[in-house]
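Asker: Provided herewith is a single structure, encoded as structure tokens, for subsequent inquiry.
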Amino acid sequence: MSYFRYNQKNIEIINAGAKKAEVDAKSHVKVDCVDVENLDSDSCVNTPVAIGALGSGAVANLPVVLAQLTVQAHVNSVITLPEFAYDIKRIRKNLKITQCLLIQDTNILFLKGFIRKNIEYSTRDSSNAEGFCGDIKHVTVDVPFNCTTPVSFNGIAPVQPVAGTSTEFAYQKREEIYHPDFSEKDELQSADLREHNQISTEYFNELPFCDLVSARIVEFDEQLMPEHPREYVTPFEEKRFRRIEEKMVVFITLRLLQKRLVAVPAIAGVSDRCPDVK
């Protein structure tokens, strides 16, 4: 075998070179996962372009306001936290509507939805008689509500739904009668019982729908059965709790709309031809 393979000095040289190559490879690895370079923004130039609009009269299918109203809903619930808390730091609320339905041929509006609440609260990791330390945690809950309210159509009354129709008709049938009580000249004239003829019509009415405008929530939250912990020491005024009772009054402003055919009059001085876009 070759002497080079068993030469200890050559082996040490090879190992040293391999280690150096490994160190060099590691030194070229980029530690940061992302790099953002801030660039200066230049001023942009714009040129007004003529607006092409329909100048002649037309008929459009547009949402028409039936009513605009503010609904007051009352919500009362109890929220149980996943662990003991000592203080509520912040509560963020968002209104979500899942159903807003006007029952046709009535003025009763059905509302259904929930208040999405994100509650931030303080917890305890360690404490003594002078203070305690812990983390700020959060929980997100959906508090449902539903109600009905009568609507006063201060815009325009909705179009009453057109009911479908179904009409049956028959064709005359003539046939001879083979019966001992009838003569050969007798003839049966009647509708044919062996066939069924019908004309049915269905109308696809426009269902009124809601458009949310604003929501205002006034709430009162209260801790239920706060207690001093017995298994560890905390400042004398600190109490822990897990349940919160909340009372909310929700004011929801919305528009009730329905698609209608609307006649749009002509506008003087407006061309129907769209301008050339360069």
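Residue numbering restarts at 1 for every chain of the structure tokens, chains are lettered A, B, ... in their displayed order, and ligands are numbered from 1 as they appear.
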So that each row is one residue of segment 135-163 of chain A with an atom at most 12 Å from segment 41-63 of chain A, can you give its shortest atom pair and the distance in Å to one decimal, using only C-alpha atoms, rows by chain and rising number, as CSV?
Answerer:
```
residue,atom,partner,partner_atom,distance
A:Gly155,CA,A:Pro63,CA,11.9
A:Ile156,CA,A:Pro63,CA,11.5
A:Pro158,CA,A:Pro63,CA,11.2
```
Asker: May I have the residues from that selection written out with C-alpha atoms, as an mmCIF file, in the first residue's frame?
Answerer:
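Writing done, so here's selection-v5.cif:
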```
data_model
loop_
_atom_site.group_PDB
_atom_site.id
_atom_site.type_symbol
_atom_site.label_atom_id
_atom_site.label_comp_id
_atom_site.auth_asym_id
_atom_site.auth_seq_id
_atom_site.Cartn_x
_atom_site.Cartn_y
_atom_site.Cartn_z
ATOM 1 C CA GLY A 155 -87.436 55.394 2.724
ATOM 2 C CA ILE A 156 -89.762 53.530 0.391
ATOM 3 C CA PRO A 158 -90.662 47.225 -0.284
#
```
Asker: Can you pull out every residue from segment 2-249 of chain A that DSSP, working from the backbone, puts in alpha helix (DSSP H), and format the result as a CSV table (one decimal) with C-alpha atoms, in the first residue's frame?
Answerer:
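out_30.csv, written as the output of this step:
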```csv
chain,number,residue,atom,x,y,z
A,3,TYR,CA,3.2,5.2,2.2
A,4,PHE,CA,1.1,8.4,2.0
A,5,ARG,CA,-1.9,6.7,3.5
A,6,TYR,CA,0.0,5.8,6.7
A,8,GLN,CA,0.8,10.6,10.2
A,9,LYS,CA,1.9,14.1,9.2
A,10,ASN,CA,0.0,14.0,6.0
A,11,ILE,CA,-3.1,12.8,7.8
A,12,GLU,CA,-3.0,15.7,10.2
A,13,ILE,CA,-2.6,18.1,7.2
A,14,ILE,CA,-5.7,16.7,5.6
A,15,ASN,CA,-7.8,16.9,8.8
A,16,ALA,CA,-6.7,20.5,9.4
A,17,GLY,CA,-7.7,21.4,5.8
A,18,ALA,CA,-11.2,19.8,6.3
A,19,LYS,CA,-11.8,21.7,9.5
A,20,LYS,CA,-10.8,25.0,7.9
A,21,ALA,CA,-13.2,24.3,5.0
A,22,GLU,CA,-16.0,23.6,7.4
A,23,VAL,CA,-15.3,26.9,9.3
A,24,ASP,CA,-15.2,28.8,6.1
A,25,ALA,CA,-18.5,27.3,5.0
A,26,LYS,CA,-20.2,28.2,8.3
A,27,SER,CA,-18.8,31.8,8.1
```
Asker: Between A:Leu81, A:Ile97, A:Ile108, A:Leu224, which residue has the minimum interatomic distance to Ser122 of chain A, considering only C-alpha atoms?
Answerer: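 When distances to Ser122 of chain A are compared using only C-alpha atoms, the smallest one comes from A:Leu81.
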Asker: Just to confirm, what's the straight-line distance from atom CA of Tyr86 of chain A to atom CA of Lys137 of chain A in Å (one decimal)?
Answerer: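 These two atoms are separated by 11.1 Å.
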Asker: At a cut-off of 12 Å, using only C-alpha atoms, what residues contact Val249 of chain A? Leave out same-chain residues fewer than 6 positions from it and give the result as a list of chain:residue names.
Answerer: A:Val71, A:Gln72, A:Ala73, A:His74, A:Val75, A:Asn76, A:Ser77, A:Leu95, A:Ile115, A:Phe145, A:Ala215, A:Arg216, A:Ile217, A:Val218, A:Glu219, A:Phe220, A:Asp221
Asker: When you draw a straight line from atom CA of Glu83 of chain A to atom CA of Lys96 of chain A, how long is it in Å?
Answerer: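 Separation of atom CA of Glu83 of chain A and atom CA of Lys96 of chain A: 26.8 Å.
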Asker: Check the DSSP output for the backbone and give back, as a ChimeraX atom specification, the residues of segment 88-261 of chain A in strand (DSSP E or B).
Answerer: /A:88-102,108-122,126-127,132-133,136-150,165-169,172-176,187-191,197-201,209-224,227,240-261
Asker: Please report the interatomic distance between atom CA of Cys100 of chain A and atom CA of Val264 of chain A in Å with one decimal.
Answerer: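 A separation of 29.0 Å between them.
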Asker: Tell me, as a VMD selection string, which residues lie within 9 Å of segment 192-196 of chain A, counting only C-alpha atoms; anything in the same chain fewer than 3 positions away does not count.
Answerer: chain A and resid 168 to 174
Asker: Those residues with N, CA and C atoms, as a JSON list (two decimals), in the first residue's frame please?
Answerer:
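Final output, saved to part.json:
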```
[["chain", "number", "residue", "atom", "x", "y", "z"],
["A", 168, "GLU", "N", -104.18, 24.23, -14.29],
["A", 168, "GLU", "CA", -104.38, 22.98, -15.02],
["A", 168, "GLU", "C", -105.40, 23.19, -16.14],
["A", 169, "PHE", "N", -105.22, 22.49, -17.22],
["A", 169, "PHE", "CA", -106.19, 22.54, -18.32],
["A", 169, "PHE", "C", -106.31, 21.15, -18.93],
["A", 170, "ALA", "N", -107.39, 20.97, -19.72],
["A", 170, "ALA", "CA", -107.66, 19.66, -20.30],
["A", 170, "ALA", "C", -108.13, 19.83, -21.74],
["A", 171, "TYR", "N", -107.99, 18.77, -22.51],
["A", 171, "TYR", "CA", -108.48, 18.73, -23.88],
["A", 171, "TYR", "C", -109.74, 17.86, -23.94],
["A", 172, "GLN", "N", -110.63, 18.26, -24.82],
["A", 172, "GLN", "CA", -111.87, 17.49, -24.96],
["A", 172, "GLN", "C", -111.58, 16.16, -25.63],
["A", 173, "LYS", "N", -112.32, 15.13, -25.17],
["A", 173, "LYS", "CA", -112.17, 13.80, -25.73],
["A", 173, "LYS", "C", -113.55, 13.26, -26.12],
["A", 174, "ARG", "N", -113.62, 12.65, -27.29],
["A", 174, "ARG", "CA", -114.86, 12.02, -27.75],
["A", 174, "ARG", "C", -114.58, 10.53, -27.94]]
```
Asker: Which residues are close to Glu130 of chain A, i.e. within 12 Å by only C-alpha atoms, leaving aside same-chain residues fewer than 3 positions away? Reply as a PyMOL selection string.
Answerer: chain A and resi 126-127+133+233-238
Asker: With N, CA and C atoms kept, could you save the residues just selected as a CSV table (one decimal), in the first residue's frame?
Answerer:
```
chain,number,residue,atom,x,y,z
A,126,SER,N,-45.3,34.3,40.4
A,126,SER,CA,-44.7,34.4,41.7
A,126,SER,C,-45.2,35.7,42.4
A,127,SER,N,-45.2,35.6,43.7
A,127,SER,CA,-45.7,36.8,44.5
A,127,SER,C,-45.2,36.7,45.9
A,133,CYS,N,-45.7,38.8,40.3
A,133,CYS,CA,-45.2,38.9,38.9
A,133,CYS,C,-46.0,37.8,38.1
A,233,VAL,N,-48.9,33.7,49.0
A,233,VAL,CA,-49.0,35.0,49.6
A,233,VAL,C,-49.1,36.0,48.4
A,234,THR,N,-50.0,37.0,48.5
A,234,THR,CA,-50.1,38.1,47.6
A,234,THR,C,-50.4,39.3,48.3
A,235,PRO,N,-50.2,40.5,47.7
A,235,PRO,CA,-50.6,41.7,48.4
A,235,PRO,C,-52.1,41.7,48.8
A,236,PHE,N,-52.4,42.4,49.9
A,236,PHE,CA,-53.6,42.2,50.6
A,236,PHE,C,-54.8,42.6,49.7
A,237,GLU,N,-54.7,43.5,48.8
A,237,GLU,CA,-55.8,43.9,48.0
A,237,GLU,C,-56.1,43.1,46.7
A,238,GLU,N,-55.1,42.2,46.4
A,238,GLU,CA,-55.2,41.4,45.2
A,238,GLU,C,-56.1,40.2,45.4
```
Asker: Would you please work out which residue, of A:Ser183, A:Ser190, A:Thr70, A:Gln99, is nearest to Thr253 of chain A when using only C-alpha atoms?
Answerer: A:Thr70
Asker: From the set A:Ala191, A:Ile244, A:Ile136, A:Leu261, which residue has the shortest atom-to-atom contact distance to Glu175 of chain A, counting only C-alpha atoms?
Answerer: A:Ala191
Asker: Rank A:Phe84, A:Asn107, A:Lys185, A:Lys117 by their smallest atom-to-atom distance to Gly134 of chain A, using only C-alpha atoms, and report the top residue only.
Answerer: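 With only C-alpha atoms as the atom set, the closest residue is A:Phe84.
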